[in-house]
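**Q** Just one file: upload_33.cif, with mmCIF, N, CA and C atoms.
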```cif
data_my_file
loop_
_atom_site.label_atom_id
_atom_site.label_comp_id
_atom_site.auth_asym_id
_atom_site.auth_seq_id
_atom_site.Cartn_x
_atom_site.Cartn_y
_atom_site.Cartn_z
N MET A 1 -18.70 40.97 6.30
CA MET A 1 -19.38 39.77 5.85
C MET A 1 -18.39 38.61 5.85
N ARG A 2 -18.91 37.41 5.84
CA ARG A 2 -18.10 36.21 5.98
C ARG A 2 -18.23 35.30 4.76
N VAL A 3 -17.09 34.71 4.36
CA VAL A 3 -17.03 33.70 3.31
C VAL A 3 -16.26 32.52 3.88
N THR A 4 -16.75 31.31 3.64
CA THR A 4 -16.06 30.11 4.08
C THR A 4 -15.54 29.36 2.88
N PHE A 5 -14.23 29.05 2.92
CA PHE A 5 -13.60 28.24 1.88
C PHE A 5 -13.37 26.85 2.43
N ILE A 6 -13.89 25.85 1.74
CA ILE A 6 -13.65 24.45 2.10
C ILE A 6 -12.44 24.01 1.29
N HIS A 7 -11.39 23.55 1.96
CA HIS A 7 -10.15 23.17 1.30
C HIS A 7 -10.35 22.00 0.35
N ALA A 8 -9.46 21.88 -0.61
CA ALA A 8 -9.56 20.83 -1.63
C ALA A 8 -9.59 19.43 -1.04
N ASP A 9 -8.96 19.25 0.12
CA ASP A 9 -8.96 17.92 0.74
C ASP A 9 -10.30 17.60 1.42
N GLY A 10 -11.19 18.60 1.48
CA GLY A 10 -12.50 18.40 2.09
C GLY A 10 -12.49 18.44 3.60
N LYS A 11 -11.32 18.52 4.21
CA LYS A 11 -11.22 18.46 5.66
C LYS A 11 -11.05 19.84 6.29
N GLY A 12 -10.20 20.65 5.70
CA GLY A 12 -9.94 21.96 6.27
C GLY A 12 -10.92 23.01 5.77
N ARG A 13 -10.99 24.10 6.52
CA ARG A 13 -11.83 25.22 6.11
C ARG A 13 -11.17 26.50 6.59
N THR A 14 -11.39 27.55 5.83
CA THR A 14 -10.88 28.86 6.18
C THR A 14 -12.03 29.85 6.17
N GLU A 15 -12.20 30.55 7.28
CA GLU A 15 -13.21 31.59 7.38
C GLU A 15 -12.54 32.91 7.00
N ALA A 16 -13.16 33.66 6.10
CA ALA A 16 -12.58 34.91 5.63
C ALA A 16 -13.57 36.05 5.81
N GLU A 17 -13.03 37.19 6.16
CA GLU A 17 -13.85 38.41 6.23
C GLU A 17 -13.70 39.14 4.90
N ALA A 18 -14.79 39.72 4.44
CA ALA A 18 -14.79 40.47 3.19
C ALA A 18 -15.72 41.65 3.35
N VAL A 19 -15.64 42.56 2.41
CA VAL A 19 -16.56 43.70 2.40
C VAL A 19 -17.31 43.69 1.08
N PRO A 20 -18.53 44.21 1.07
CA PRO A 20 -19.28 44.27 -0.19
C PRO A 20 -18.45 44.97 -1.26
N GLY A 21 -18.46 44.39 -2.44
CA GLY A 21 -17.69 44.92 -3.56
C GLY A 21 -16.40 44.16 -3.80
N ASP A 22 -15.95 43.36 -2.80
CA ASP A 22 -14.76 42.54 -3.00
C ASP A 22 -15.06 41.47 -4.05
N ILE A 23 -14.03 41.09 -4.79
CA ILE A 23 -14.12 40.00 -5.75
C ILE A 23 -13.73 38.71 -5.00
N LEU A 24 -14.51 37.66 -5.18
CA LEU A 24 -14.26 36.41 -4.47
C LEU A 24 -12.84 35.90 -4.69
N LEU A 25 -12.30 36.00 -5.89
CA LEU A 25 -10.93 35.55 -6.15
C LEU A 25 -9.93 36.30 -5.28
N ASP A 26 -10.09 37.61 -5.16
CA ASP A 26 -9.17 38.41 -4.35
C ASP A 26 -9.21 37.99 -2.88
N VAL A 27 -10.40 37.72 -2.39
CA VAL A 27 -10.55 37.28 -0.99
C VAL A 27 -9.88 35.91 -0.82
N ALA A 28 -10.10 35.02 -1.77
CA ALA A 28 -9.50 33.68 -1.70
C ALA A 28 -7.98 33.77 -1.70
N GLN A 29 -7.42 34.56 -2.60
CA GLN A 29 -5.96 34.68 -2.67
C GLN A 29 -5.39 35.34 -1.42
N ALA A 30 -6.10 36.32 -0.87
CA ALA A 30 -5.64 36.98 0.35
C ALA A 30 -5.57 36.00 1.52
N HIS A 31 -6.36 34.93 1.44
CA HIS A 31 -6.39 33.92 2.50
C HIS A 31 -5.67 32.63 2.07
N LEU A 32 -4.78 32.80 1.06
CA LEU A 32 -3.86 31.75 0.62
C LEU A 32 -4.54 30.51 0.05
N MET A 33 -5.71 30.67 -0.54
CA MET A 33 -6.35 29.56 -1.23
C MET A 33 -5.62 29.35 -2.56
N PRO A 34 -5.48 28.10 -3.00
CA PRO A 34 -4.69 27.80 -4.20
C PRO A 34 -5.47 28.05 -5.50
N LEU A 35 -5.89 29.28 -5.70
CA LEU A 35 -6.58 29.66 -6.93
C LEU A 35 -5.66 30.61 -7.68
N GLU A 36 -5.35 30.25 -8.91
CA GLU A 36 -4.34 30.99 -9.66
C GLU A 36 -4.85 32.30 -10.24
N GLY A 37 -5.96 32.27 -10.96
CA GLY A 37 -6.45 33.51 -11.57
C GLY A 37 -5.48 34.03 -12.62
N THR A 38 -4.98 33.16 -13.46
CA THR A 38 -3.95 33.49 -14.44
C THR A 38 -4.32 34.66 -15.34
N CYS A 39 -5.56 34.77 -15.75
CA CYS A 39 -5.97 35.81 -16.71
C CYS A 39 -6.35 37.12 -16.03
N GLU A 40 -6.21 37.18 -14.72
CA GLU A 40 -6.50 38.39 -13.94
C GLU A 40 -7.93 38.90 -14.14
N GLY A 41 -8.87 37.97 -14.16
CA GLY A 41 -10.29 38.34 -14.21
C GLY A 41 -10.85 38.64 -15.58
N GLN A 42 -10.12 38.29 -16.63
CA GLN A 42 -10.57 38.59 -17.99
C GLN A 42 -11.37 37.45 -18.62
N MET A 43 -11.67 36.41 -17.88
CA MET A 43 -12.41 35.23 -18.35
C MET A 43 -11.73 34.57 -19.55
N ALA A 44 -10.40 34.48 -19.49
CA ALA A 44 -9.65 33.81 -20.54
C ALA A 44 -9.06 32.49 -20.04
N CYS A 45 -9.41 32.10 -18.82
CA CYS A 45 -8.95 30.83 -18.26
C CYS A 45 -9.99 30.37 -17.23
N SER A 46 -9.71 29.24 -16.61
CA SER A 46 -10.62 28.76 -15.56
C SER A 46 -9.84 28.39 -14.30
N THR A 47 -8.69 29.03 -14.10
CA THR A 47 -7.82 28.69 -12.97
C THR A 47 -8.32 29.24 -11.64
N CYS A 48 -9.44 29.96 -11.66
CA CYS A 48 -10.01 30.46 -10.41
C CYS A 48 -11.36 29.79 -10.12
N HIS A 49 -11.60 28.67 -10.80
CA HIS A 49 -12.84 27.92 -10.66
C HIS A 49 -13.06 27.47 -9.21
N VAL A 50 -14.26 27.70 -8.70
CA VAL A 50 -14.68 27.20 -7.39
C VAL A 50 -16.03 26.52 -7.53
N ILE A 51 -16.36 25.73 -6.55
CA ILE A 51 -17.67 25.07 -6.51
C ILE A 51 -18.44 25.68 -5.35
N VAL A 52 -19.52 26.32 -5.66
CA VAL A 52 -20.34 27.00 -4.66
C VAL A 52 -21.22 25.96 -3.97
N ALA A 53 -21.35 26.07 -2.66
CA ALA A 53 -22.22 25.15 -1.92
C ALA A 53 -23.62 25.19 -2.53
N ARG A 54 -24.19 24.04 -2.69
CA ARG A 54 -25.51 23.91 -3.34
C ARG A 54 -26.55 24.85 -2.72
N GLU A 55 -26.53 24.97 -1.38
CA GLU A 55 -27.52 25.80 -0.70
C GLU A 55 -27.29 27.30 -0.92
N ASP A 56 -26.11 27.68 -1.41
CA ASP A 56 -25.80 29.09 -1.65
C ASP A 56 -25.87 29.48 -3.12
N PHE A 57 -25.85 28.51 -4.00
CA PHE A 57 -25.71 28.78 -5.43
C PHE A 57 -26.79 29.73 -5.97
N ASP A 58 -28.03 29.55 -5.56
CA ASP A 58 -29.13 30.37 -6.08
C ASP A 58 -29.08 31.82 -5.58
N ARG A 59 -28.24 32.10 -4.61
CA ARG A 59 -28.08 33.49 -4.14
C ARG A 59 -27.20 34.31 -5.08
N LEU A 60 -26.44 33.63 -5.93
CA LEU A 60 -25.55 34.32 -6.86
C LEU A 60 -26.32 34.78 -8.10
N PRO A 61 -25.91 35.91 -8.68
CA PRO A 61 -26.50 36.27 -9.97
C PRO A 61 -26.09 35.23 -11.01
N PRO A 62 -26.87 35.05 -12.05
CA PRO A 62 -26.53 34.05 -13.06
C PRO A 62 -25.19 34.36 -13.73
N ALA A 63 -24.50 33.31 -14.13
CA ALA A 63 -23.23 33.46 -14.85
C ALA A 63 -23.53 33.97 -16.26
N SER A 64 -22.60 34.76 -16.79
CA SER A 64 -22.74 35.22 -18.17
C SER A 64 -22.45 34.05 -19.12
N GLU A 65 -22.80 34.23 -20.36
CA GLU A 65 -22.52 33.19 -21.36
C GLU A 65 -21.01 32.96 -21.48
N GLU A 66 -20.22 34.03 -21.40
CA GLU A 66 -18.77 33.91 -21.47
C GLU A 66 -18.22 33.09 -20.29
N GLU A 67 -18.77 33.34 -19.10
CA GLU A 67 -18.33 32.57 -17.94
C GLU A 67 -18.71 31.11 -18.09
N GLU A 68 -19.91 30.84 -18.57
CA GLU A 68 -20.34 29.45 -18.80
C GLU A 68 -19.40 28.76 -19.77
N ASP A 69 -18.99 29.47 -20.82
CA ASP A 69 -18.07 28.88 -21.80
C ASP A 69 -16.74 28.50 -21.15
N MET A 70 -16.22 29.36 -20.27
CA MET A 70 -14.96 29.05 -19.60
C MET A 70 -15.12 27.91 -18.61
N LEU A 71 -16.27 27.85 -17.96
CA LEU A 71 -16.51 26.75 -17.01
C LEU A 71 -16.56 25.40 -17.72
N ASP A 72 -16.94 25.41 -18.99
CA ASP A 72 -16.93 24.16 -19.76
C ASP A 72 -15.53 23.58 -19.86
N LEU A 73 -14.51 24.43 -19.71
CA LEU A 73 -13.12 24.00 -19.80
C LEU A 73 -12.49 23.69 -18.44
N ALA A 74 -13.19 24.00 -17.36
CA ALA A 74 -12.65 23.82 -16.01
C ALA A 74 -12.63 22.35 -15.62
N ALA A 75 -11.49 21.89 -15.14
CA ALA A 75 -11.38 20.52 -14.66
C ALA A 75 -12.25 20.35 -13.42
N GLY A 76 -13.07 19.32 -13.40
CA GLY A 76 -13.90 19.03 -12.24
C GLY A 76 -15.10 19.95 -12.07
N ALA A 77 -15.49 20.66 -13.13
CA ALA A 77 -16.64 21.57 -13.03
C ALA A 77 -17.92 20.80 -12.71
N ARG A 78 -18.77 21.46 -11.95
CA ARG A 78 -20.07 20.89 -11.56
C ARG A 78 -21.17 21.90 -11.84
N ARG A 79 -22.40 21.52 -11.58
CA ARG A 79 -23.53 22.42 -11.82
C ARG A 79 -23.41 23.72 -11.04
N THR A 80 -22.81 23.67 -9.86
CA THR A 80 -22.71 24.87 -9.03
C THR A 80 -21.33 25.53 -9.13
N SER A 81 -20.60 25.24 -10.21
CA SER A 81 -19.29 25.86 -10.40
C SER A 81 -19.43 27.31 -10.86
N ARG A 82 -18.47 28.14 -10.44
CA ARG A 82 -18.38 29.53 -10.89
C ARG A 82 -16.90 29.90 -10.98
N LEU A 83 -16.62 30.94 -11.75
CA LEU A 83 -15.29 31.53 -11.77
C LEU A 83 -15.27 32.56 -10.64
N SER A 84 -14.37 32.39 -9.70
CA SER A 84 -14.36 33.29 -8.55
C SER A 84 -14.02 34.73 -8.94
N CYS A 85 -13.39 34.93 -10.08
CA CYS A 85 -13.07 36.29 -10.54
C CYS A 85 -14.32 37.04 -10.99
N GLN A 86 -15.42 36.33 -11.17
CA GLN A 86 -16.65 36.94 -11.66
C GLN A 86 -17.71 37.11 -10.56
N VAL A 87 -17.36 36.72 -9.34
CA VAL A 87 -18.31 36.82 -8.23
C VAL A 87 -17.97 38.06 -7.40
N VAL A 88 -18.83 39.07 -7.51
CA VAL A 88 -18.69 40.27 -6.71
C VAL A 88 -19.51 40.07 -5.44
N LEU A 89 -18.87 40.17 -4.31
CA LEU A 89 -19.55 39.91 -3.04
C LEU A 89 -20.47 41.07 -2.66
N THR A 90 -21.63 40.71 -2.17
CA THR A 90 -22.63 41.68 -1.70
C THR A 90 -23.11 41.22 -0.33
N GLU A 91 -23.81 42.09 0.37
CA GLU A 91 -24.38 41.71 1.68
C GLU A 91 -25.27 40.48 1.54
N ALA A 92 -25.95 40.34 0.40
CA ALA A 92 -26.83 39.19 0.18
C ALA A 92 -26.06 37.88 0.14
N LEU A 93 -24.73 37.95 -0.04
CA LEU A 93 -23.91 36.74 -0.10
C LEU A 93 -23.18 36.46 1.21
N ASP A 94 -23.51 37.19 2.27
CA ASP A 94 -22.89 36.94 3.57
C ASP A 94 -23.12 35.48 3.97
N GLY A 95 -22.04 34.83 4.39
CA GLY A 95 -22.13 33.43 4.78
C GLY A 95 -21.90 32.46 3.64
N LEU A 96 -21.52 32.96 2.46
CA LEU A 96 -21.26 32.12 1.29
C LEU A 96 -20.21 31.07 1.60
N THR A 97 -20.45 29.84 1.13
CA THR A 97 -19.49 28.76 1.28
C THR A 97 -19.11 28.27 -0.11
N VAL A 98 -17.80 28.19 -0.34
CA VAL A 98 -17.31 27.67 -1.62
C VAL A 98 -16.26 26.60 -1.36
N HIS A 99 -16.22 25.62 -2.25
CA HIS A 99 -15.27 24.52 -2.17
C HIS A 99 -14.17 24.75 -3.19
N ILE A 100 -12.94 24.57 -2.76
CA ILE A 100 -11.81 24.64 -3.67
C ILE A 100 -11.72 23.28 -4.36
N PRO A 101 -11.77 23.24 -5.69
CA PRO A 101 -11.72 21.95 -6.38
C PRO A 101 -10.41 21.21 -6.13
N GLY A 102 -10.48 19.90 -6.10
CA GLY A 102 -9.29 19.09 -5.90
C GLY A 102 -8.21 19.37 -6.93
N GLU A 103 -8.61 19.77 -8.13
CA GLU A 103 -7.65 20.07 -9.19
C GLU A 103 -6.82 21.31 -8.86
N SER A 104 -7.27 22.12 -7.90
CA SER A 104 -6.55 23.35 -7.54
C SER A 104 -5.43 23.09 -6.54
N ARG A 105 -5.37 21.91 -5.95
CA ARG A 105 -4.39 21.62 -4.91
C ARG A 105 -2.95 21.84 -5.36
N ASN A 106 -2.67 21.59 -6.61
CA ASN A 106 -1.29 21.69 -7.07
C ASN A 106 -0.94 23.06 -7.63
N MET A 107 -1.90 23.98 -7.65
CA MET A 107 -1.62 25.32 -8.16
C MET A 107 -0.88 26.13 -7.11
N GLN A 108 -0.18 27.12 -7.55
CA GLN A 108 0.59 27.97 -6.65
C GLN A 108 -0.11 29.31 -6.51
N GLY A 109 -1.30 29.32 -5.89
CA GLY A 109 -2.06 30.55 -5.74
C GLY A 109 -1.63 31.39 -4.55
N ALA A 110 -0.91 30.82 -3.62
CA ALA A 110 -0.48 31.58 -2.43
C ALA A 110 0.53 32.63 -2.83
N ARG A 111 0.38 33.79 -2.30
CA ARG A 111 1.28 34.91 -2.60
C ARG A 111 2.34 35.03 -1.53
#
```
What do you get writing this file as structure tokens?
**A**
Amino acid sequence: MRVTFIHADGKGRTEAEAVPGDILLDVAQAHLMPLEGTCEGQMACSTCHVIVAREDFDRLPPASEEEEDMLDLAAGARRTSRLSCQVVLTEALDGLTVHIPGESRNMQGAR
């Protein structure tokens, strides 16, 4: 399956291959996207915040109340924001497009 990351500058894009069951944050980090994921998926931070393309947002399962609370703290959060550590990829999400927030540009997510 395919995931497209739109770079924080809005100009670049990275096409990534994933398999069902992968966590979106792991796929992003494997492709050197600047998402930190400081809490390692425990929903104790918002450093893995992404903005899901409007046309793809309704394909995702709803965010939990805990995720919504963390998104309230995310810089630049929008209606279609999600924590990438909480998005488990499925075949139904093939072709998902997510935008890396401009606030992520200065993070050191590359391994």
**Q** What lies within 10 Å of Leu93 of chain A using only C-alpha atoms, ignoring chain neighbours under 2 positions off, as a PyMOL selection string?
**A** chain A and resi 1-3+20+56-57+59-60+87-91+95-97
**Q** So, counting only C-alpha atoms, which residue among A:Met33, A:Ala53, A:Ala8, A:Val19 is closest to Val98 of chain A?
**A**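 Selected residue with least distance to Val98 of chain A: A:Ala53.
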**Q** Identify, with DSSP run on backbone atoms, the residues in chain A assigned to strand (DSSP E), and express the list as a ChimeraX atom specification.
**A** /A:2-6,13-17,49-52,81-83,96-99
**Q** Determine the residue set returned by the PyMOL selection byres ((chain A and resi 5) around 6) for the present structure, and present it as a PDB file with N, CA and C atoms, in the coordinates of the input.
**A**
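After the write, expr_14.pdb holds the following:
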```pdb
ATOM      1  N   VAL A   3     -17.090  34.710   4.360  1.00  0.00           N
ATOM      2  CA  VAL A   3     -17.030  33.700   3.310  1.00  0.00           C
ATOM      3  C   VAL A   3     -16.260  32.520   3.880  1.00  0.00           C
ATOM      4  N   THR A   4     -16.750  31.310   3.640  1.00  0.00           N
ATOM      5  CA  THR A   4     -16.060  30.110   4.080  1.00  0.00           C
ATOM      6  C   THR A   4     -15.540  29.360   2.880  1.00  0.00           C
ATOM      7  N   ILE A   6     -13.890  25.850   1.740  1.00  0.00           N
ATOM      8  CA  ILE A   6     -13.650  24.450   2.100  1.00  0.00           C
ATOM      9  C   ILE A   6     -12.440  24.010   1.290  1.00  0.00           C
ATOM     10  N   HIS A   7     -11.390  23.550   1.960  1.00  0.00           N
ATOM     11  CA  HIS A   7     -10.150  23.170   1.300  1.00  0.00           C
ATOM     12  C   HIS A   7     -10.350  22.000   0.350  1.00  0.00           C
ATOM     13  N   GLY A  12     -10.200  20.650   5.700  1.00  0.00           N
ATOM     14  CA  GLY A  12      -9.940  21.960   6.270  1.00  0.00           C
ATOM     15  C   GLY A  12     -10.920  23.010   5.770  1.00  0.00           C
ATOM     16  N   ARG A  13     -10.990  24.100   6.520  1.00  0.00           N
ATOM     17  CA  ARG A  13     -11.830  25.220   6.110  1.00  0.00           C
ATOM     18  C   ARG A  13     -11.170  26.500   6.590  1.00  0.00           C
ATOM     19  N   THR A  14     -11.390  27.550   5.830  1.00  0.00           N
ATOM     20  CA  THR A  14     -10.880  28.860   6.180  1.00  0.00           C
ATOM     21  C   THR A  14     -12.030  29.850   6.170  1.00  0.00           C
ATOM     22  N   GLU A  15     -12.200  30.550   7.280  1.00  0.00           N
ATOM     23  CA  GLU A  15     -13.210  31.590   7.380  1.00  0.00           C
ATOM     24  C   GLU A  15     -12.540  32.910   7.000  1.00  0.00           C
ATOM     25  N   ALA A  16     -13.160  33.660   6.100  1.00  0.00           N
ATOM     26  CA  ALA A  16     -12.580  34.910   5.630  1.00  0.00           C
ATOM     27  C   ALA A  16     -13.570  36.050   5.810  1.00  0.00           C
ATOM     28  N   THR A  97     -20.450  29.840   1.130  1.00  0.00           N
ATOM     29  CA  THR A  97     -19.490  28.760   1.280  1.00  0.00           C
ATOM     30  C   THR A  97     -19.110  28.270  -0.110  1.00  0.00           C
ATOM     31  N   VAL A  98     -17.800  28.190  -0.340  1.00  0.00           N
ATOM     32  CA  VAL A  98     -17.310  27.670  -1.620  1.00  0.00           C
ATOM     33  C   VAL A  98     -16.260  26.600  -1.360  1.00  0.00           C
ATOM     34  N   HIS A  99     -16.220  25.620  -2.250  1.00  0.00           N
ATOM     35  CA  HIS A  99     -15.270  24.520  -2.170  1.00  0.00           C
ATOM     36  C   HIS A  99     -14.170  24.750  -3.190  1.00  0.00           C
ATOM     37  N   ILE A 100     -12.940  24.570  -2.760  1.00  0.00           N
ATOM     38  CA  ILE A 100     -11.810  24.640  -3.670  1.00  0.00           C
ATOM     39  C   ILE A 100     -11.720  23.280  -4.360  1.00  0.00           C
TER      40      ILE A 100
END
```
**Q** Exactly which residues make up the result of the PyMOL selection byres (((chain A and resi 69 and name CA) around 12) and name CA) on this file, given as a list in words?
**A**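 Here the PyMOL selection byres (((chain A and resi 69 and name CA) around 12) and name CA) matches Met43, Ala44, Cys45, Ser46, Ala63, Ser64, Glu65, Glu66, Glu67, Glu68, Met70, Leu71, Asp72, Leu73, Ala74, Ala77, Ser81, Arg82 and Leu83 of chain A.
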**Q** Give me, please, the distance in Å between atom CA of Asp9 of chain A and atom CA of Pro34 of chain A, quoted to one decimal.
**A**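 Atom-to-atom, atom CA of Asp9 of chain A to atom CA of Pro34 of chain A, that is 11.8 Å.
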**Q** In Å, how far is it from atom C of Gly102 of chain A to atom CA of Gly21 of chain A?
**A**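 Separation between atom C of Gly102 of chain A and atom CA of Gly21 of chain A: 27.5 Å.
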**Q** Quick one: pull the distance between atom N of Leu35 of chain A and atom N of Cys48 of chain A, Å, one decimal.
**A** 7.0 Å
**Q** Would you mind writing down, as a short mmCIF file (atom, residue, chain, number, x, y, z; two decimals) with N, CA and C atoms, in the coordinates of the input, each residue of segment 43-75 of chain A that DSSP on the backbone assigns to alpha helix (DSSP H)?
**A**
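Saved as states34.cif:
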```
data_model
loop_
_atom_site.label_atom_id
_atom_site.label_comp_id
_atom_site.auth_asym_id
_atom_site.auth_seq_id
_atom_site.Cartn_x
_atom_site.Cartn_y
_atom_site.Cartn_z
N ARG A 54 -24.19 24.04 -2.69
CA ARG A 54 -25.51 23.91 -3.34
C ARG A 54 -26.55 24.85 -2.72
N GLU A 55 -26.53 24.97 -1.38
CA GLU A 55 -27.52 25.80 -0.70
C GLU A 55 -27.29 27.30 -0.92
N ASP A 56 -26.11 27.68 -1.41
CA ASP A 56 -25.80 29.09 -1.65
C ASP A 56 -25.87 29.48 -3.12
N PHE A 57 -25.85 28.51 -4.00
CA PHE A 57 -25.71 28.78 -5.43
C PHE A 57 -26.79 29.73 -5.97
N GLU A 65 -22.80 34.23 -20.36
CA GLU A 65 -22.52 33.19 -21.36
C GLU A 65 -21.01 32.96 -21.48
N GLU A 66 -20.22 34.03 -21.40
CA GLU A 66 -18.77 33.91 -21.47
C GLU A 66 -18.22 33.09 -20.29
N GLU A 67 -18.77 33.34 -19.10
CA GLU A 67 -18.33 32.57 -17.94
C GLU A 67 -18.71 31.11 -18.09
N GLU A 68 -19.91 30.84 -18.57
CA GLU A 68 -20.34 29.45 -18.80
C GLU A 68 -19.40 28.76 -19.77
N ASP A 69 -18.99 29.47 -20.82
CA ASP A 69 -18.07 28.88 -21.80
C ASP A 69 -16.74 28.50 -21.15
N MET A 70 -16.22 29.36 -20.27
CA MET A 70 -14.96 29.05 -19.60
C MET A 70 -15.12 27.91 -18.61
N LEU A 71 -16.27 27.85 -17.96
CA LEU A 71 -16.51 26.75 -17.01
C LEU A 71 -16.56 25.40 -17.72
#
```
**Q** Considering all atoms listed in the file, can you say which of A:Glu17, A:Ile51, A:Asp94, A:Asp58 comes closest to Thr80 of chain A?
**A**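 With all atoms listed in the file as the atom set, the closest residue is A:Ile51.
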**Q** Out of A:Pro101, A:His49, A:Pro61, A:Gly76, which residue has the shortest atom-to-atom distance to Glu36 of chain A when counting only N, CA and C atoms?
**A**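 Using only N, CA and C atoms, Glu36 of chain A sits closest to A:His49.
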**Q** Would you mind telling me which residue in A:Ala75, A:Ala28, A:Thr38, A:Ser84 lies nearest to Val50 of chain A when using all atoms listed in the file?
**A**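 Ranked by minimum distance to Val50 of chain A, first place goes to A:Ser84.
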**Q** Just checking: using only N, CA and C atoms, which residue out of A:Arg54, A:Arg78, A:Pro62, A:Leu25 ends up closest to Gly37 of chain A?
**A**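 Counting only N, CA and C atoms, the residue closest to Gly37 of chain A is A:Leu25.
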**Q** Give me the box for segment 17-36 of chain A as JSON, namely the centre and edge lengths in Å to one decimal of a box along x, y and z that holds every listed atom plus 8 Å on each side.
**A**
```
{"center_x": -11.6, "center_y": 36.4, "center_z": -2.0, "size_x": 31.4, "size_y": 33.2, "size_z": 32.5}
```
**Q** Using the incomplete input, complete segment 90-96 of chain A to the level of all heavy atoms; output as a compact mmCIF listing (two decimals), keeping the file's coordinate frame.
**A**
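Result went into result.txt, see below:
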```
# COMPACT_ATOMS: atom_id res chain seq x y z
N THR A 90 -21.63 40.71 -2.17
CA THR A 90 -22.63 41.68 -1.70
C THR A 90 -23.11 41.22 -0.33
O THR A 90 -22.87 40.08 0.08
CB THR A 90 -23.84 41.74 -2.66
OG1 THR A 90 -24.50 40.46 -2.63
CG2 THR A 90 -23.43 42.08 -4.08
N GLU A 91 -23.81 42.09 0.37
CA GLU A 91 -24.38 41.71 1.68
C GLU A 91 -25.27 40.48 1.54
O GLU A 91 -25.34 39.65 2.44
CB GLU A 91 -25.18 42.87 2.27
CG GLU A 91 -24.32 43.99 2.81
CD GLU A 91 -23.49 43.60 4.03
OE1 GLU A 91 -23.83 42.62 4.73
OE2 GLU A 91 -22.48 44.28 4.28
N ALA A 92 -25.95 40.34 0.40
CA ALA A 92 -26.83 39.19 0.18
C ALA A 92 -26.06 37.88 0.14
O ALA A 92 -26.65 36.81 0.29
CB ALA A 92 -27.62 39.37 -1.12
N LEU A 93 -24.73 37.95 -0.04
CA LEU A 93 -23.91 36.74 -0.10
C LEU A 93 -23.18 36.46 1.21
O LEU A 93 -22.34 35.56 1.28
CB LEU A 93 -22.90 36.84 -1.25
CG LEU A 93 -23.53 36.90 -2.65
CD1 LEU A 93 -22.45 37.12 -3.70
CD2 LEU A 93 -24.33 35.65 -2.93
N ASP A 94 -23.51 37.19 2.27
CA ASP A 94 -22.89 36.94 3.57
C ASP A 94 -23.12 35.48 3.97
O ASP A 94 -24.22 34.96 3.84
CB ASP A 94 -23.50 37.87 4.63
CG ASP A 94 -22.81 37.73 5.98
OD1 ASP A 94 -21.60 37.43 6.00
OD2 ASP A 94 -23.48 37.92 7.00
N GLY A 95 -22.04 34.83 4.39
CA GLY A 95 -22.13 33.43 4.78
C GLY A 95 -21.90 32.46 3.64
O GLY A 95 -22.04 31.25 3.81
N LEU A 96 -21.52 32.96 2.46
CA LEU A 96 -21.26 32.12 1.29
C LEU A 96 -20.21 31.07 1.60
O LEU A 96 -19.20 31.36 2.26
CB LEU A 96 -20.77 33.02 0.14
CG LEU A 96 -20.48 32.34 -1.19
CD1 LEU A 96 -21.79 31.91 -1.85
CD2 LEU A 96 -19.73 33.30 -2.11
```
